[in-house]
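Engineer: This one is start15.txt, compact mmCIF, C-alpha atoms.
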# COMPACT_ATOMS: atom_id res chain seq x y z
CA MET A 1 94.22 97.49 102.65
CA PRO A 2 90.68 96.07 102.56
CA SER A 3 89.34 96.25 99.04
CA LEU A 4 86.16 97.34 97.31
CA HIS A 5 84.44 95.02 94.86
CA ILE A 6 81.89 96.39 92.42
CA VAL A 7 79.32 93.99 90.96
CA ASN A 8 77.01 95.12 88.17
CA HIS A 9 75.13 91.97 87.13
CA SER A 10 72.07 90.24 88.51
CA PRO A 11 72.82 86.95 90.33
CA TYR A 12 69.85 85.32 88.65
CA THR A 13 71.60 85.14 85.28
CA HIS A 14 75.29 85.74 86.05
CA SER A 15 77.70 84.03 88.37
CA THR A 16 79.42 87.37 88.98
CA LEU A 17 78.22 87.95 92.56
CA SER A 18 78.86 84.34 93.51
CA ASP A 19 82.37 84.41 91.99
CA CYS A 20 83.08 87.67 93.76
CA LEU A 21 81.95 86.39 97.18
CA ALA A 22 84.15 83.33 96.72
CA HIS A 23 87.31 85.37 96.12
CA ILE A 24 87.20 88.16 98.66
CA GLY A 25 88.73 88.79 102.07
CA GLU A 26 87.09 89.15 105.49
CA SER A 27 87.30 92.94 105.59
CA ASP A 28 86.58 93.53 101.92
CA VAL A 29 83.25 95.10 100.95
CA ILE A 30 80.99 94.80 97.94
CA LEU A 31 79.07 97.54 96.14
CA LEU A 32 76.11 96.50 94.00
CA ILE A 33 75.40 98.83 91.09
CA GLU A 34 73.32 98.73 87.91
CA ASP A 35 71.71 95.28 87.55
CA GLY A 36 73.59 94.12 90.62
CA VAL A 37 70.94 95.82 92.76
CA TYR A 38 68.46 93.06 91.84
CA ALA A 39 70.49 90.82 94.17
CA ILE A 40 68.78 92.10 97.30
CA GLN A 41 66.08 89.44 97.11
CA HIS A 42 68.54 86.70 96.25
CA ALA A 43 69.83 84.14 98.76
CA LEU A 44 73.45 85.09 98.08
CA TYR A 45 72.80 88.64 99.27
CA GLN A 46 70.51 87.64 102.14
CA ASP A 47 72.83 84.94 103.50
CA THR A 48 75.76 87.36 103.46
CA GLN A 49 73.66 90.11 105.10
CA ALA A 50 72.71 87.69 107.87
CA THR A 51 76.30 86.96 108.84
CA SER A 52 78.03 90.19 107.76
CA PRO A 53 75.51 93.04 107.78
CA ASN A 54 78.09 95.68 106.80
CA LYS A 55 79.66 93.88 103.90
CA ILE A 56 77.37 94.71 101.00
CA TYR A 57 76.40 98.22 99.91
CA VAL A 58 73.83 99.01 97.26
CA LEU A 59 73.68 102.09 95.02
CA LYS A 60 70.37 103.80 95.78
CA ASN A 61 70.15 105.49 92.39
CA ASP A 62 70.13 102.23 90.51
CA MET A 63 67.49 100.80 92.88
CA LEU A 64 65.21 103.79 92.22
CA ILE A 65 65.65 103.49 88.46
CA ARG A 66 64.75 99.80 88.56
CA GLY A 67 61.88 100.09 91.06
CA VAL A 68 63.65 97.85 93.54
CA ASP A 69 62.19 98.29 97.05
CA ILE A 70 64.42 100.12 99.50
CA THR A 71 64.13 98.81 103.05
CA PRO A 72 66.01 100.01 106.18
CA ALA A 73 68.11 96.87 106.44
CA ILE A 74 69.79 97.55 103.10
CA ASN A 75 73.02 99.56 103.23
CA THR A 76 72.14 102.04 100.50
CA VAL A 77 74.62 104.63 99.30
CA ASN A 78 74.13 107.67 97.09
CA TYR A 79 76.82 108.80 94.67
CA ASN A 80 78.69 110.87 97.25
CA GLU A 81 78.75 107.98 99.67
CA MET A 82 79.97 105.73 96.87
CA VAL A 83 82.92 108.07 96.39
CA THR A 84 83.61 107.90 100.12
CA LEU A 85 83.69 104.12 99.86
CA THR A 86 86.35 104.37 97.16
CA GLU A 87 88.42 106.54 99.50
CA HIS A 88 88.33 103.99 102.31
CA PHE A 89 88.86 100.78 100.38
CA HIS A 90 91.77 99.97 98.13
CA PRO A 91 92.22 98.74 95.47
CA ILE A 92 88.93 98.55 93.62
CA GLN A 93 88.05 95.49 91.58
CA SER A 94 85.19 95.52 89.08
CA TRP A 95 83.36 92.25 88.49
CA PHE A 96 81.35 91.68 85.33
CA MET B 1 110.55 109.72 86.66
CA THR B 2 107.78 107.20 86.28
CA THR B 3 105.81 106.07 89.30
CA ASN B 4 106.09 102.40 90.02
CA LYS B 5 102.71 100.91 90.88
CA LYS B 6 101.60 97.43 91.81
CA ILE B 7 99.20 96.49 89.05
CA LEU B 8 97.09 93.34 89.13
CA VAL B 9 95.55 92.06 85.91
CA VAL B 10 92.70 89.65 86.60
CA LYS B 11 91.60 87.36 83.79
CA ARG B 12 88.14 85.88 84.38
CA GLN B 13 86.86 85.45 80.84
CA PRO B 14 87.41 82.44 78.56
CA PRO B 15 89.89 82.88 75.67
CA TYR B 16 87.46 83.53 72.81
CA TYR B 17 85.04 85.84 74.63
CA GLY B 18 85.44 88.89 72.42
CA THR B 19 88.88 90.44 72.62
CA SER B 20 89.15 90.46 76.41
CA ALA B 21 91.89 87.83 76.63
CA ARG B 22 94.08 89.48 74.02
CA GLU B 23 93.59 92.98 75.40
CA SER B 24 94.48 91.88 78.91
CA ILE B 25 97.82 90.59 77.68
CA ASP B 26 98.46 93.87 75.85
CA ALA B 27 97.79 95.69 79.14
CA VAL B 28 100.24 93.40 80.93
CA LEU B 29 103.00 93.92 78.34
CA VAL B 30 102.58 97.68 78.28
CA SER B 31 102.71 97.84 82.09
CA ALA B 32 105.87 95.75 82.08
CA ALA B 33 107.45 97.91 79.39
CA TYR B 34 106.89 100.91 81.67
CA ASP B 35 108.47 99.14 84.65
CA GLN B 36 105.34 98.62 86.68
CA ALA B 37 105.17 95.81 89.24
CA ILE B 38 102.74 93.61 87.34
CA SER B 39 100.95 90.47 88.55
CA VAL B 40 98.59 88.35 86.47
CA VAL B 41 95.92 86.07 87.88
CA PHE B 42 93.84 83.56 85.96
CA THR B 43 90.60 82.64 87.72
CA ASP B 44 87.00 81.58 87.01
CA ASP B 45 86.60 81.00 83.26
CA GLY B 46 89.93 82.74 82.67
CA VAL B 47 91.68 79.46 83.44
CA PHE B 48 90.38 78.14 80.13
CA GLN B 49 92.96 80.42 78.49
CA LEU B 50 95.60 78.07 79.90
CA LEU B 51 94.46 74.90 78.17
CA PRO B 52 97.20 73.49 75.95
CA HIS B 53 96.52 72.35 72.36
CA GLN B 54 94.20 75.21 71.46
CA LYS B 55 93.86 75.47 67.68
CA PRO B 56 92.07 78.69 66.86
CA SER B 57 91.21 79.27 63.21
CA VAL B 58 93.29 81.68 61.11
CA GLY B 59 92.37 85.24 61.98
CA THR B 60 91.30 84.43 65.54
CA ASN B 61 93.57 85.65 68.31
CA ASN B 62 96.06 82.98 69.22
CA ILE B 63 96.05 83.11 72.99
CA GLN B 64 98.87 80.62 73.38
CA LYS B 65 101.23 82.80 71.35
CA ALA B 66 100.12 85.85 73.29
CA LEU B 67 100.79 84.09 76.60
CA ASP B 68 104.30 83.14 75.44
CA GLY B 69 104.91 86.88 75.28
CA LEU B 70 104.63 87.03 79.07
CA GLU B 71 107.77 84.98 79.47
CA LEU B 72 109.59 87.04 76.86
CA TYR B 73 108.89 90.19 78.84
CA ASP B 74 110.18 88.57 82.03
CA ILE B 75 106.81 88.62 83.73
CA THR B 76 107.18 86.26 86.65
CA HIS B 77 104.23 86.99 88.93
CA ILE B 78 101.72 84.80 87.14
CA TYR B 79 99.11 82.91 89.17
CA ALA B 80 96.14 80.65 88.68
CA VAL B 81 93.47 80.04 91.32
CA SER B 82 93.48 76.33 92.14
CA GLU B 83 89.76 76.14 93.01
CA ALA B 84 88.94 77.49 89.53
CA LEU B 85 91.09 74.80 87.91
CA SER B 86 89.69 71.95 89.97
CA ALA B 87 86.07 73.09 89.48
CA ARG B 88 86.70 72.82 85.73
CA ASN B 89 88.59 69.53 86.00
CA ILE B 90 91.78 71.06 84.64
CA ASP B 91 95.00 69.33 85.62
CA PRO B 92 97.45 71.99 86.89
CA GLU B 93 100.32 69.96 85.43
CA SER B 94 98.95 70.28 81.90
CA LEU B 95 98.90 74.08 81.63
CA ASN B 96 100.71 75.78 78.79
CA ILE B 97 102.65 78.38 80.80
CA SER B 98 104.60 78.25 84.03
CA LEU B 99 102.77 79.88 86.90
CA LYS B 100 102.14 79.59 90.63
CA LEU B 101 98.94 78.07 92.02
CA ILE B 102 97.17 80.09 94.69
CA SER B 103 94.01 79.52 96.70
CA ARG B 104 91.11 81.96 96.63
CA GLU B 105 92.17 83.14 100.06
CA GLU B 106 95.68 83.85 98.84
CA TYR B 107 94.11 85.75 95.95
CA ALA B 108 92.19 87.98 98.39
CA ASN B 109 95.42 88.68 100.22
CA LEU B 110 97.33 89.44 97.01
CA LEU B 111 94.55 91.81 95.96
CA ASN B 112 94.67 93.79 99.19
CA HIS B 113 98.31 94.68 98.49
CA GLN B 114 97.83 96.05 94.97
CA ASP B 115 97.55 99.69 93.88
CA VAL B 116 95.45 99.12 90.78
CA VAL B 117 93.33 96.27 89.49
CA LEU B 118 92.58 95.84 85.78
CA SER B 119 89.74 93.34 85.32
CA PHE B 120 89.32 91.50 82.07
What is this structure when it is put down as structure tokens?
Structural biologist:
Amino acid sequence: MPSLHIVNHSPYTHSTLSDCLAHIGESDVILLIEDGVYAIQHALYQDTQATSPNKIYVLKNDMLIRGVDITPAINTVNYNEMVTLTEHFHPIQSWF
Amino acid sequence: MTTNKKILVVKRQPPYYGTSARESIDAVLVSAAYDQAISVVFTDDGVFQLLPHQKPSVGTNNIQKALDGLELYDITHIYAVSEALSARNIDPESLNISLKLISREEYANLLNHQDVVLSF
């Protein structure tokens, strides 16, 4: 089944998002949480969004906490929607 | 009756990064002892755990000895991601345990078929 990958570090200091993108399948999706939400201005996120606009989800809560701008193009999810993601993708791998 | 699950243990950290390497092997051995279908993958900096001739000081976890435990427990589904090895200039022939090389794409496929992933 397509899998869910959770990334919690910023791509500016950690290779986590880059490593994750390199290892995952076509139908897999990524959820950015905690410091991972800083990725939305980073080329890694933007390049992926350009080719696969439904691949990366971002936890809205963590964006609000960090003052990261929420724009319509970003696939934001609240906690309930995050749970729904975990129901549709399997297994779940955490990257840190 | 115990449920039999497909468990994947992913090792991405280098051997002396806290206790991650040691704890991941404990998780593998416990899963095997309870008859789970366990697979182990070394990738990213986790491949550094496979370097032969490591000489940790007394009191530091000896990863090599811990990895020998995998064979003792008949754990056969052990993989290393070849791109991670080549990026770090590690010769696959020199590794200290027997395992199967897989590409990143094969890793993605392996992952999709697991029930649980334990990341270390």
Engineer: Give me, as a PyMOL selection string, the residues of chain B touching chain A, with the criterion being at most 8 Å (counting all atoms listed in the file).
Structural biologist: chain B and resi 44+104-105+107-109+111-119
Engineer: Return as JSON the centre and edge lengths, in Å with one decimal, of the box along x, y and z that encloses every atom of region 49-61 of chain B in the file, padded by 3 Å per side.
Structural biologist:
{"center_x": 94.2, "center_y": 79.0, "center_z": 70.5, "size_x": 12.0, "size_y": 19.3, "size_z": 24.8}
Engineer: I want to know what sits within 10 Å of Gln36 (chain B), based on all atoms listed in the file, with residues of the same chain fewer than 6 positions away left out; could you give that as a list in words?
Structural biologist: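 In the requested form, the answer reads Thr2, Thr3, Asn4, Lys5, Lys6, Ile7, Val28, Leu29 and Val30 of chain B.
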Engineer: From the set B:Ala80, B:Gly18, B:Asp26, B:Ile90, which residue has the shortest atom-to-atom contact distance to Pro52 (chain B), counting only C-alpha atoms?
Structural biologist: B:Ile90
Engineer: Please compute the CA of Glu34 (chain A)-CA of Ala27 (chain B) distance, one decimal, in Å.
Structural biologist: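 Computed distance, CA of Glu34 (chain A) to CA of Ala27 (chain B), equals 26.2 Å.
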Engineer: If you measure from CA of Pro14 (chain B) to CA of Leu51 (chain B), what distance in Å do you get, rounded to one decimal?
Structural biologist: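 If I compute the distance from CA of Pro14 (chain B) to CA of Leu51 (chain B), I get 10.3 Å.
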Engineer: With only C-alpha atoms as the atoms that count, which of B:Leu110, B:Val41, B:Leu50, B:Ile63 lies nearest to Tyr79 (chain B)?
Structural biologist: B:Val41
Engineer: Which of these, A:Val37, A:Val83, A:Leu44, A:Val29, has the shortest distance to Val68 (chain A) once you count only C-alpha atoms?
Structural biologist: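 Looking only at the distances to Val68 (chain A), the closest residue turns out to be A:Val37.
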Engineer: Distance CA of His88 (chain A)-CA of Pro53 (chain A), one decimal place?
Structural biologist: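 Taking CA of His88 (chain A) and CA of Pro53 (chain A), their separation equals 17.7 Å.
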Engineer: Within 9 Å of Gln49 (chain A), counting only C-alpha atoms, which residues show up once you throw out same-chain ones fewer than 6 positions away? Write them as an MDAnalysis selection string, please.
Structural biologist: chainID A and resid 55:56 73:74
Engineer: Tell me which protein, DNA and RNA residues are within 9 Å of Ser98 (chain B), counting all atoms listed in the file, leaving out same-chain ones fewer than 5 positions away, and put them as a list in words.
Structural biologist: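 Result of the neighbour search: Glu71, Thr76, Ile78 and Tyr79 of chain B.
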Engineer: Find the spatial neighbours of Gln64 (chain B), counting only C-alpha atoms, within a cut-off of 12 Å - ignore same-chain residues fewer than 5 positions away - and output them as an mmCIF file with C-alpha atoms, keeping the file's coordinate frame.
Structural biologist:
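Below you can see result.cif, which holds the result:
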data_model
loop_
_atom_site.group_PDB
_atom_site.id
_atom_site.type_symbol
_atom_site.label_atom_id
_atom_site.label_comp_id
_atom_site.auth_asym_id
_atom_site.auth_seq_id
_atom_site.Cartn_x
_atom_site.Cartn_y
_atom_site.Cartn_z
ATOM 1 C CA PRO B 15 89.890 82.880 75.670
ATOM 2 C CA TYR B 16 87.460 83.530 72.810
ATOM 3 C CA ALA B 21 91.890 87.830 76.630
ATOM 4 C CA ARG B 22 94.080 89.480 74.020
ATOM 5 C CA ILE B 25 97.820 90.590 77.680
ATOM 6 C CA PHE B 48 90.380 78.140 80.130
ATOM 7 C CA GLN B 49 92.960 80.420 78.490
ATOM 8 C CA LEU B 50 95.600 78.070 79.900
ATOM 9 C CA LEU B 51 94.460 74.900 78.170
ATOM 10 C CA PRO B 52 97.200 73.490 75.950
ATOM 11 C CA HIS B 53 96.520 72.350 72.360
ATOM 12 C CA GLN B 54 94.200 75.210 71.460
ATOM 13 C CA LYS B 55 93.860 75.470 67.680
ATOM 14 C CA PRO B 56 92.070 78.690 66.860
ATOM 15 C CA GLY B 69 104.910 86.880 75.280
ATOM 16 C CA LEU B 70 104.630 87.030 79.070
ATOM 17 C CA GLU B 71 107.770 84.980 79.470
ATOM 18 C CA LEU B 95 98.900 74.080 81.630
ATOM 19 C CA ASN B 96 100.710 75.780 78.790
ATOM 20 C CA ILE B 97 102.650 78.380 80.800
#
Engineer: Quick one: everything within 12 Å of Thr76 (chain A), counting all atoms listed in the file, minus sequence neighbours fewer than 4 positions away in the same chain. Send it as a ChimeraX atom specification.
Structural biologist: /A:30-33,37,40,54-64,68-72,80-82,85
